[in-house]
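This is target.txt (compact mmCIF, C-alpha atoms).
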# COMPACT_ATOMS: atom_id res chain seq x y z
CA MET A 1 262.10 114.14 241.54
CA ASP A 2 261.06 117.50 242.90
CA SER A 3 259.85 120.19 240.49
CA HIS A 4 263.38 121.53 239.92
CA ALA A 5 264.78 118.06 239.21
CA GLY A 6 261.79 117.31 236.95
CA LYS A 7 262.47 120.41 234.86
CA ALA A 8 266.15 119.49 234.58
CA TRP A 9 265.27 115.92 233.55
CA ILE A 10 262.89 116.89 230.76
CA ALA A 11 265.32 119.57 229.52
CA GLU A 12 268.02 116.92 229.27
CA TYR A 13 265.60 114.58 227.50
CA LEU A 14 264.73 117.21 224.89
CA ALA A 15 268.41 117.98 224.36
CA SER A 16 269.08 114.33 223.52
CA HIS A 17 265.90 113.87 221.45
CA GLN A 18 265.95 116.78 219.05
CA GLU A 19 262.98 115.54 217.06
CA TYR A 20 260.90 117.13 219.83
CA THR A 21 260.72 120.91 220.17
CA SER A 22 258.85 121.23 223.45
CA ALA A 23 257.37 119.30 226.37
CA THR A 24 254.24 120.13 228.35
CA PRO A 25 253.80 118.45 231.78
CA LEU A 26 250.46 116.66 232.21
CA GLU A 27 248.61 116.43 235.52
CA GLY A 28 246.54 113.58 236.89
CA GLY A 29 248.85 110.67 237.54
CA VAL A 30 250.50 109.77 240.85
CA SER A 31 252.79 106.98 239.64
CA ASN A 32 254.63 108.48 236.66
CA TYR A 33 255.82 111.67 235.05
CA LEU A 34 253.75 112.51 231.97
CA TYR A 35 254.56 114.93 229.18
CA ARG A 36 253.04 115.90 225.86
CA LEU A 37 255.95 116.17 223.41
CA THR A 38 255.59 118.34 220.31
CA LYS A 39 257.46 117.67 217.08
CA SER A 40 258.61 120.29 214.57
CA ASP A 41 255.63 119.48 212.33
CA GLY A 42 253.22 120.23 215.19
CA SER A 43 252.22 116.61 215.87
CA THR A 44 252.32 115.36 219.45
CA VAL A 45 253.00 112.18 221.41
CA ILE A 46 252.84 111.23 225.10
CA LEU A 47 255.95 110.44 227.14
CA LYS A 48 255.50 108.40 230.31
CA HIS A 49 258.59 108.20 232.54
CA ALA A 50 258.84 106.02 235.65
CA GLU A 51 260.98 106.50 238.75
CA LEU A 52 261.40 104.27 241.81
CA HIS A 53 258.95 106.46 243.73
CA ALA A 54 255.58 108.12 243.24
CA VAL A 55 255.48 111.58 241.66
CA HIS A 56 254.66 113.56 244.80
CA ASP A 57 256.04 111.21 247.47
CA GLU A 58 259.60 109.91 247.29
CA ASN A 59 258.91 107.59 250.25
CA TRP A 60 256.26 105.74 248.25
CA VAL A 61 258.28 103.04 246.50
CA MET A 62 256.87 101.94 243.14
CA ASP A 63 257.39 98.78 241.09
CA MET A 64 259.54 99.69 238.08
CA GLY A 65 257.92 96.90 236.09
CA ARG A 66 254.75 98.96 235.77
CA VAL A 67 255.82 100.66 232.53
CA GLU A 68 256.77 97.38 230.88
CA SER A 69 253.38 96.00 231.97
CA GLU A 70 251.63 98.87 230.22
CA ARG A 71 253.74 98.48 227.08
CA ALA A 72 252.95 94.76 226.87
CA ALA A 73 249.25 95.36 227.59
CA LEU A 74 248.82 98.05 224.94
CA THR A 75 250.56 95.91 222.34
CA SER A 76 248.70 92.66 222.96
CA ILE A 77 245.26 94.13 223.69
CA SER A 78 245.27 96.40 220.66
CA ALA A 79 246.07 93.41 218.44
CA GLY A 80 243.55 91.12 220.15
CA LEU A 81 240.57 93.48 220.02
CA GLN A 82 240.92 93.93 216.25
CA THR A 83 239.05 90.63 215.87
CA SER A 84 236.09 91.74 218.05
CA ALA A 85 232.98 93.02 216.26
CA SER A 86 231.55 94.47 219.48
CA ALA A 87 234.81 96.30 220.19
CA ARG A 88 234.66 97.84 216.71
CA ASP A 89 231.04 98.84 217.31
CA ALA A 90 232.04 100.49 220.59
CA ALA A 91 234.64 102.64 218.79
CA VAL A 92 236.80 103.07 221.90
CA ASP A 93 240.50 103.75 221.36
CA ILE A 94 243.55 102.82 223.40
CA PRO A 95 246.95 104.45 222.91
CA HIS A 96 249.43 102.59 220.73
CA VAL A 97 253.08 102.15 221.61
CA ILE A 98 255.54 104.11 219.47
CA GLU A 99 258.80 103.51 221.33
CA TYR A 100 259.98 102.03 224.62
CA ASP A 101 263.37 102.49 226.32
CA GLU A 102 263.50 99.69 228.85
CA ARG A 103 266.79 100.93 230.36
CA LYS A 104 265.46 104.39 231.17
CA TYR A 105 261.79 103.45 231.66
CA ASN A 106 260.53 105.84 229.00
CA LEU A 107 257.39 104.91 227.10
CA ILE A 108 256.31 106.92 224.04
CA MET A 109 252.65 106.52 223.10
CA SER A 110 250.20 108.04 220.68
CA ASP A 111 248.42 111.16 221.92
CA CYS A 112 244.64 111.00 222.28
CA GLY A 113 244.55 114.76 221.79
CA ALA A 114 244.87 117.96 223.79
CA GLY A 115 241.14 118.53 223.32
CA THR A 116 240.16 115.47 225.36
CA LYS A 117 238.90 115.56 228.94
CA ASP A 118 238.56 112.77 231.46
CA LEU A 119 235.01 111.53 231.93
CA HIS A 120 234.64 113.25 235.31
CA THR A 121 235.33 116.63 233.70
CA ALA A 122 233.44 115.91 230.48
CA PHE A 123 230.25 114.51 232.05
CA PRO A 124 228.52 117.84 232.84
CA LEU A 125 229.19 119.00 229.26
CA LEU A 126 227.48 115.99 227.66
CA THR A 127 223.79 115.93 226.75
CA PRO A 128 221.61 113.17 228.29
CA ASP A 129 221.71 111.26 224.98
CA GLN A 130 225.49 111.57 224.77
CA ARG A 131 225.82 110.25 228.33
CA VAL A 132 223.73 107.21 227.46
CA ASP A 133 225.81 106.62 224.32
CA VAL A 134 229.08 106.84 226.28
CA GLY A 135 227.75 104.36 228.86
CA ARG A 136 226.59 101.99 226.12
CA ARG A 137 229.91 102.05 224.31
CA LEU A 138 231.97 101.59 227.47
CA GLY A 139 229.86 98.54 228.35
CA LEU A 140 230.30 97.08 224.87
CA TRP A 141 234.02 97.69 224.90
CA LEU A 142 234.61 96.29 228.40
CA ALA A 143 232.64 93.13 227.63
CA SER A 144 234.69 92.73 224.45
CA LEU A 145 237.92 92.99 226.45
CA HIS A 146 236.75 90.47 229.03
CA GLN A 147 235.66 87.82 226.58
CA CYS A 148 238.37 88.32 223.93
CA SER A 149 240.24 85.04 223.41
CA THR A 150 242.92 86.37 221.04
CA ILE A 151 244.78 88.56 223.55
CA ASP A 152 248.22 87.22 224.49
CA ARG A 153 247.91 86.71 228.27
CA SER A 154 251.42 85.39 228.88
CA GLY A 155 252.72 88.61 230.44
CA PHE A 156 249.74 89.32 232.70
CA ALA A 157 249.46 88.62 236.42
CA ALA A 158 247.47 89.96 239.38
CA ASP A 159 248.74 91.91 242.39
CA GLU A 160 246.52 90.60 245.16
CA SER A 161 248.26 92.41 248.00
CA THR A 162 247.68 95.87 246.50
CA SER A 163 244.12 94.98 245.52
CA ARG A 164 243.37 93.71 249.02
CA GLN A 165 244.64 96.89 250.64
CA GLY A 166 242.49 99.10 248.42
CA MET A 167 239.45 96.89 248.98
CA ASP A 168 239.83 97.07 252.76
CA GLN A 169 240.08 100.86 252.62
CA ARG A 170 236.87 101.15 250.60
CA ILE A 171 234.96 98.82 252.91
CA GLY A 172 236.13 100.88 255.87
CA LEU A 173 234.72 103.99 254.20
CA LEU A 174 231.47 102.20 253.35
CA SER A 175 230.94 101.23 257.00
CA ALA A 176 230.13 104.90 257.64
CA GLY A 177 226.79 104.13 256.00
CA LEU A 178 225.75 101.60 258.66
CA PRO A 179 222.72 102.54 260.79
CA SER A 180 224.61 102.83 264.09
CA ALA A 181 227.23 105.14 262.53
CA ASN A 182 224.45 107.61 261.71
CA SER A 183 222.49 107.34 264.94
CA ASP A 184 222.98 109.83 267.75
CA ALA A 185 221.60 107.22 270.16
CA ALA A 186 224.21 104.55 269.32
CA THR A 187 227.08 104.07 271.74
CA PRO A 188 230.69 103.77 270.51
CA GLU A 189 230.55 100.10 271.45
CA GLU A 190 227.44 99.56 269.30
CA VAL A 191 229.04 101.36 266.36
CA ALA A 192 232.21 99.25 266.67
CA ALA A 193 230.22 96.02 266.98
CA GLU A 194 228.13 96.73 263.88
CA LYS A 195 231.24 97.67 261.89
CA LYS A 196 232.98 94.47 262.99
CA ALA A 197 230.00 92.36 261.93
CA PHE A 198 229.88 94.19 258.57
CA LEU A 199 233.57 93.56 257.90
CA GLU A 200 233.12 89.89 258.78
CA LEU A 201 230.13 89.68 256.44
CA LEU A 202 232.22 91.00 253.53
CA GLU A 203 235.38 89.03 254.32
CA PRO A 204 234.43 86.06 252.08
CA PHE A 205 234.02 88.47 249.17
CA VAL A 206 237.36 90.18 249.79
CA ALA A 207 239.16 86.86 250.20
CA THR A 208 237.82 85.32 247.00
CA ALA A 209 237.10 88.15 244.55
CA ARG A 210 240.62 88.45 243.15
CA LYS A 211 240.97 84.67 242.91
CA ALA A 212 237.62 84.04 241.27
CA SER A 213 239.06 83.74 237.77
CA ARG A 214 242.38 83.89 236.04
CA SER A 215 241.13 83.51 232.47
CA CYS A 216 239.93 87.09 231.96
CA VAL A 217 242.03 90.15 231.13
CA VAL A 218 240.97 93.03 233.39
CA HIS A 219 241.96 96.69 233.21
CA GLY A 220 242.24 96.91 236.99
CA ASP A 221 241.65 100.67 237.25
CA PHE A 222 238.60 101.18 235.06
CA TRP A 223 237.10 104.45 236.25
CA PRO A 224 236.26 107.88 234.72
CA GLY A 225 239.73 109.27 235.43
CA ASN A 226 241.10 106.79 232.89
CA ILE A 227 238.39 107.42 230.27
CA LEU A 228 239.10 110.27 227.86
CA VAL A 229 236.25 111.99 226.03
CA GLY A 230 236.88 114.18 223.01
CA PRO A 231 235.01 116.02 220.27
CA PRO A 232 232.76 113.97 217.94
CA ILE A 233 234.55 111.55 215.63
CA ARG A 234 234.74 113.04 212.13
CA GLY A 235 232.84 111.18 209.46
CA HIS A 236 231.28 108.75 211.92
CA GLU A 237 227.56 108.07 211.58
CA PRO A 238 225.79 108.32 213.91
CA VAL A 239 227.75 111.19 215.48
CA GLN A 240 229.67 109.90 218.51
CA GLN A 241 232.10 111.42 220.98
CA PHE A 242 235.70 110.26 220.80
CA LEU A 243 236.45 107.79 223.63
CA ALA A 244 239.72 106.27 224.79
CA VAL A 245 240.85 104.11 227.73
CA ILE A 246 244.25 104.99 229.17
CA ASP A 247 246.58 103.99 232.04
CA TRP A 248 247.12 100.25 231.63
CA GLU A 249 249.68 99.69 234.39
CA THR A 250 247.34 97.63 236.57
CA VAL A 251 246.17 95.29 233.81
CA GLY A 252 246.12 91.64 234.86
CA LEU A 253 244.18 88.41 234.97
CA GLY A 254 241.18 88.18 237.25
CA THR A 255 237.42 88.40 237.28
CA GLY A 256 235.87 90.98 235.00
CA ALA A 257 233.21 91.50 237.65
CA LEU A 258 235.50 93.88 239.51
CA ASP A 259 235.95 96.12 236.45
CA VAL A 260 232.17 96.05 235.95
CA GLY A 261 231.30 96.82 239.57
CA ALA A 262 233.84 99.62 239.86
CA MET A 263 232.71 101.42 236.68
CA ALA A 264 229.04 100.81 237.51
CA ALA A 265 229.55 102.64 240.80
CA GLU A 266 231.43 105.46 239.10
CA THR A 267 228.75 105.99 236.42
CA TRP A 268 226.08 105.88 239.14
CA LEU A 269 227.97 108.52 241.16
CA LEU A 270 228.36 110.74 238.09
CA CYS A 271 224.62 110.56 237.39
CA HIS A 272 223.73 111.17 241.03
CA PHE A 273 225.97 114.11 241.82
CA HIS A 274 225.39 115.96 238.56
CA ARG A 275 221.61 115.89 238.83
CA SER A 276 219.61 118.98 239.73
CA SER A 277 219.00 117.93 243.33
CA ALA A 278 221.86 115.93 244.81
CA ARG A 279 220.42 116.42 248.30
CA ALA A 280 217.23 114.52 247.49
CA SER A 281 216.18 111.48 249.47
CA VAL A 282 217.18 107.99 248.47
CA SER A 283 213.68 107.20 247.24
CA GLU A 284 213.54 109.98 244.63
CA PRO A 285 213.39 108.67 241.03
CA GLU A 286 216.33 109.86 238.97
CA ASN A 287 217.81 109.57 235.50
CA PHE A 288 220.69 107.12 235.73
CA GLY A 289 220.95 106.78 231.96
CA MET A 290 224.72 106.28 231.65
CA PHE A 291 224.74 103.75 234.50
CA GLU A 292 221.82 101.78 233.03
CA ALA A 293 223.29 101.84 229.51
CA PHE A 294 226.67 100.63 230.75
CA LEU A 295 225.20 97.64 232.61
CA GLY A 296 222.75 96.81 229.83
CA SER A 297 225.26 96.82 226.97
CA TYR A 298 227.83 94.82 228.92
CA LEU A 299 225.27 92.11 229.67
CA ALA A 300 224.02 92.14 226.07
CA VAL A 301 227.50 91.18 224.83
CA ARG A 302 228.35 88.70 227.58
CA GLY A 303 224.93 87.04 227.71
CA LYS A 304 224.43 84.70 230.63
CA VAL A 305 226.72 85.36 233.60
CA ASP A 306 227.13 82.99 236.52
CA GLU A 307 226.07 83.62 240.09
CA GLU A 308 229.57 84.25 241.39
CA PHE A 309 230.21 86.88 238.70
CA VAL A 310 226.96 88.69 239.51
CA LYS A 311 227.65 88.61 243.23
CA HIS A 312 231.16 89.99 242.80
CA ALA A 313 230.00 92.73 240.41
CA VAL A 314 227.16 93.96 242.63
CA VAL A 315 229.21 93.87 245.84
CA GLN A 316 232.07 95.71 244.11
CA PHE A 317 229.50 98.28 242.99
CA ALA A 318 228.34 98.70 246.59
CA ILE A 319 231.88 99.01 247.93
CA ASN A 320 232.89 101.60 245.34
CA LEU A 321 229.94 103.81 246.22
CA SER A 322 232.05 104.71 249.26
CA VAL A 323 234.53 106.71 247.19
CA GLY A 324 232.16 109.37 245.89
CA ARG A 325 233.31 112.96 245.96
CA GLY A 326 230.25 114.73 247.29
CA GLY A 327 231.35 115.75 250.78
CA LYS A 328 230.45 114.10 254.08
CA GLU A 329 226.79 115.13 254.28
CA LEU A 330 225.97 114.36 250.66
CA MET A 331 227.83 111.06 250.83
CA ARG A 332 226.04 109.78 253.94
CA PRO A 333 222.90 108.51 252.12
CA VAL A 334 225.09 107.13 249.31
CA LYS A 335 227.12 105.09 251.78
CA GLU A 336 223.89 103.96 253.45
CA LEU A 337 222.71 102.70 250.06
CA GLY A 338 226.01 100.90 249.43
CA ALA A 339 225.91 99.22 252.83
CA LYS A 340 222.34 98.04 252.20
CA VAL A 341 223.26 96.60 248.79
CA ALA A 342 226.29 94.79 250.20
CA LYS A 343 224.24 93.24 253.01
CA ILE A 344 221.43 92.17 250.68
CA ILE A 345 223.83 90.32 248.39
CA MET A 346 226.08 88.81 251.04
CA ARG A 347 223.25 87.71 253.34
CA GLY A 348 220.43 87.01 250.95
CA GLU A 349 219.22 83.90 249.25
CA GLU A 350 218.47 84.07 245.53
CA GLU A 351 214.91 85.39 245.87
CA ASP A 352 216.00 87.98 248.45
CA TRP A 353 218.49 89.40 245.96
CA ARG A 354 215.77 90.13 243.42
CA ASP A 355 213.26 91.56 245.88
CA GLY A 356 215.77 93.50 247.95
CA MET A 357 217.48 95.18 245.01
CA ALA A 358 214.21 95.99 243.26
CA ASN A 359 212.86 97.71 246.35
CA LEU A 360 215.87 99.94 247.04
CA GLY A 361 215.20 102.35 244.18
CA TRP A 362 217.69 105.12 243.35
CA GLY A 363 218.63 103.39 240.10
CA THR A 364 219.69 100.05 241.58
CA GLU A 365 216.88 98.31 239.73
CA ALA A 366 219.21 98.46 236.70
CA TRP A 367 220.81 95.33 238.16
CA ARG A 368 217.51 93.44 237.76
CA ASP A 369 218.45 91.78 234.47
CA TRP A 370 221.75 90.67 235.95
CA LEU A 371 220.03 88.98 238.86
CA VAL A 372 217.82 86.91 236.54
CA ALA A 373 220.35 86.28 233.72
CA ARG A 374 222.29 83.56 235.48
In structure tokens, how does this file's structure come out?
Amino acid sequence: MDSHAGKAWIAEYLASHQEYTSATPLEGGVSNYLYRLTKSDGSTVILKHAELHAVHDENWVMDMGRVESERAALTSISAGLQTSASARDAAVDIPHVIEYDERKYNLIMSDCGAGTKDLHTAFPLLTPDQRVDVGRRLGLWLASLHQCSTIDRSGFAADESTSRQGMDQRIGLLSAGLPSANSDAATPEEVAAEKKAFLELLEPFVATARKASRSCVVHGDFWPGNILVGPPIRGHEPVQQFLAVIDWETVGLGTGALDVGAMAAETWLLCHFHRSSARASVSEPENFGMFEAFLGSYLAVRGKVDEEFVKHAVVQFAINLSVGRGGKELMRPVKELGAKVAKIIMRGEEEDWRDGMANLGWGTEAWRDWLVAR
């Protein structure tokens, strides 16, 4: 739908659902049309409506089952996590389903609040202690999701083709951090040869990561854009920011390492690009408090993790460093770091992992406990 058709659609919806007095379009999603609906008593809910195409591109065909997937995920995960003590300690919300029209692909969910911001937007407004607390709670909550045995998994699957495409794109971006790509003396042939060797090095990871496990429920798109941060929770001691995880369309069964690695990279990027000197060299010590707290609390809940899980998590972390939003010049050293991490893990023997990661600096030493906890 174009903007005119979208306005006509929501007007027709309101006319046939008179319990709602107004609808405010929400930005941020590419797959669905989102509205905040207001009732006569002033309370609000969220309406998610799906079409056969993406919001801004009618040539991008979308799977209409995505809304049903989210409905099923929200229902089963909400029920399953009620039994988890660590999930309760994390105090992270997910929307609950109010109504679903499967014929018209309309999903009504609880509203996390107009005062919330996604974690990208909220991060600069948080104090250092609040950032650490958010990282800690997200790690606790994610570990609780991954190890929860009471979630009904019957409706979950994994879309390997989509995941593979996204992974290939990120690795292509990361190859810009290879030495030859940043050397004026390197010939085009040398750049192409190093990139080819890098892609071949990572191919075993790409081929196996999504097949590593089918016993774990994964969010599939766990990044700051899907984390909402709100004002402190009333009556909660100690005082904590409201947190919620949204957008459950890509939920499936897989290895939790990919959720961990993706969010680890995102928290690292937030810490790096919101510091006082983002142009500093890779060796400069920095405060990566949210990143360290996220990794530490996740591992504290999960305990011992096997070698394959660690390898997948760290390589996913390296790959996702390629999608930072700092501009070409600021991203060059970040991509260089990601390429180094990926090569250390994919090439190295066990002892090389420990030594190589410990010597890189720039916060990567936070993985140390993971590399010895297997």
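When only C-alpha atoms are used to compute distances to Val341 of chain A, the closest of the residues A:Gly230, A:Val45, A:Leu178, A:Glu27 turns out to be A:Leu178.
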Open item on the list: Could you check the closest approach to Glu336 of chain A for each of A:Gly348, A:Ala176, A:Pro188, A:Glu99 and tell me which residue wins, using all atoms listed in the file?
Closed with: A:Ala176
Task: Which of A:Gly356, A:Leu125, A:Gln130, A:Phe242 sits closest to Arg368 of chain A [using only C-alpha atoms] - done: A:Gly356
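With distances restricted to all atoms listed in the file, A:Cys271 is the closest residue to His120 of chain A from A:Cys271, A:Cys148, A:Cys216, A:Met346.
In this model, the gap between atom CA of Asp133 of chain A and atom CA of Phe291 of chain A comes to 10.6 Å.
Atom to atom, atom CA of Met331 of chain A and atom CA of Phe273 of chain A stand 9.7 Å apart.
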- [ ] Quote the spacing between atom CA of Asp306 of chain A and atom CA of Phe205 of chain A in Å to one decimal place.
- [x] 15.4 Å
Starting from the incomplete input, reconstruct N, CA and C atoms of segment 98-117 of chain A and write that as a PDB file, in the frame of the given file.
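File produced: rebuild.pdb:
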ATOM      1  N   ILE A  98     254.659 103.633 220.548  1.00  0.00           N
ATOM      2  CA  ILE A  98     255.540 104.110 219.470  1.00  0.00           C
ATOM      3  C   ILE A  98     256.976 103.690 219.740  1.00  0.00           C
ATOM      4  N   GLU A  99     257.405 103.818 220.979  1.00  0.00           N
ATOM      5  CA  GLU A  99     258.800 103.510 221.330  1.00  0.00           C
ATOM      6  C   GLU A  99     258.887 103.226 222.817  1.00  0.00           C
ATOM      7  N   TYR A 100     259.788 102.332 223.211  1.00  0.00           N
ATOM      8  CA  TYR A 100     259.980 102.030 224.620  1.00  0.00           C
ATOM      9  C   TYR A 100     261.463 101.853 224.914  1.00  0.00           C
ATOM     10  N   ASP A 101     261.981 102.617 225.852  1.00  0.00           N
ATOM     11  CA  ASP A 101     263.370 102.490 226.320  1.00  0.00           C
ATOM     12  C   ASP A 101     263.345 101.787 227.654  1.00  0.00           C
ATOM     13  N   GLU A 102     263.619 100.489 227.635  1.00  0.00           N
ATOM     14  CA  GLU A 102     263.500  99.690 228.850  1.00  0.00           C
ATOM     15  C   GLU A 102     264.598  99.999 229.866  1.00  0.00           C
ATOM     16  N   ARG A 103     265.699 100.582 229.425  1.00  0.00           N
ATOM     17  CA  ARG A 103     266.790 100.930 230.360  1.00  0.00           C
ATOM     18  C   ARG A 103     266.455 102.190 231.144  1.00  0.00           C
ATOM     19  N   LYS A 104     265.751 103.120 230.518  1.00  0.00           N
ATOM     20  CA  LYS A 104     265.460 104.390 231.170  1.00  0.00           C
ATOM     21  C   LYS A 104     263.979 104.524 231.548  1.00  0.00           C
ATOM     22  N   TYR A 105     263.206 103.484 231.289  1.00  0.00           N
ATOM     23  CA  TYR A 105     261.790 103.450 231.660  1.00  0.00           C
ATOM     24  C   TYR A 105     261.003 104.611 231.040  1.00  0.00           C
ATOM     25  N   ASN A 106     261.237 104.816 229.753  1.00  0.00           N
ATOM     26  CA  ASN A 106     260.530 105.840 229.000  1.00  0.00           C
ATOM     27  C   ASN A 106     259.636 105.173 227.955  1.00  0.00           C
ATOM     28  N   LEU A 107     258.356 105.477 228.030  1.00  0.00           N
ATOM     29  CA  LEU A 107     257.390 104.910 227.100  1.00  0.00           C
ATOM     30  C   LEU A 107     256.771 106.041 226.275  1.00  0.00           C
ATOM     31  N   ILE A 108     256.917 105.957 224.949  1.00  0.00           N
ATOM     32  CA  ILE A 108     256.310 106.920 224.040  1.00  0.00           C
ATOM     33  C   ILE A 108     255.056 106.302 223.450  1.00  0.00           C
ATOM     34  N   MET A 109     253.938 107.011 223.577  1.00  0.00           N
ATOM     35  CA  MET A 109     252.650 106.520 223.100  1.00  0.00           C
ATOM     36  C   MET A 109     251.978 107.561 222.221  1.00  0.00           C
ATOM     37  N   SER A 110     251.001 107.113 221.455  1.00  0.00           N
ATOM     38  CA  SER A 110     250.200 108.040 220.680  1.00  0.00           C
ATOM     39  C   SER A 110     249.416 108.959 221.615  1.00  0.00           C
ATOM     40  N   ASP A 111     249.122 110.149 221.134  1.00  0.00           N
ATOM     41  CA  ASP A 111     248.420 111.160 221.920  1.00  0.00           C
ATOM     42  C   ASP A 111     246.931 111.134 221.550  1.00  0.00           C
ATOM     43  N   CYS A 112     246.082 110.991 222.543  1.00  0.00           N
ATOM     44  CA  CYS A 112     244.640 111.000 222.280  1.00  0.00           C
ATOM     45  C   CYS A 112     244.114 112.396 221.981  1.00  0.00           C
ATOM     46  N   GLY A 113     244.946 113.419 222.186  1.00  0.00           N
ATOM     47  CA  GLY A 113     244.550 114.760 221.790  1.00  0.00           C
ATOM     48  C   GLY A 113     244.432 115.729 222.942  1.00  0.00           C
ATOM     49  N   ALA A 114     244.933 116.939 222.737  1.00  0.00           N
ATOM     50  CA  ALA A 114     244.870 117.960 223.790  1.00  0.00           C
ATOM     51  C   ALA A 114     243.434 118.394 224.069  1.00  0.00           C
ATOM     52  N   GLY A 115     242.529 118.132 223.132  1.00  0.00           N
ATOM     53  CA  GLY A 115     241.140 118.530 223.320  1.00  0.00           C
ATOM     54  C   GLY A 115     240.311 117.552 224.131  1.00  0.00           C
ATOM     55  N   THR A 116     240.907 116.459 224.576  1.00  0.00           N
ATOM     56  CA  THR A 116     240.160 115.470 225.360  1.00  0.00           C
ATOM     57  C   THR A 116     240.088 115.875 226.828  1.00  0.00           C
ATOM     58  N   LYS A 117     239.069 115.378 227.498  1.00  0.00           N
ATOM     59  CA  LYS A 117     238.900 115.560 228.940  1.00  0.00           C
ATOM     60  C   LYS A 117     238.576 114.213 229.554  1.00  0.00           C
TER      61      LYS A 117
END
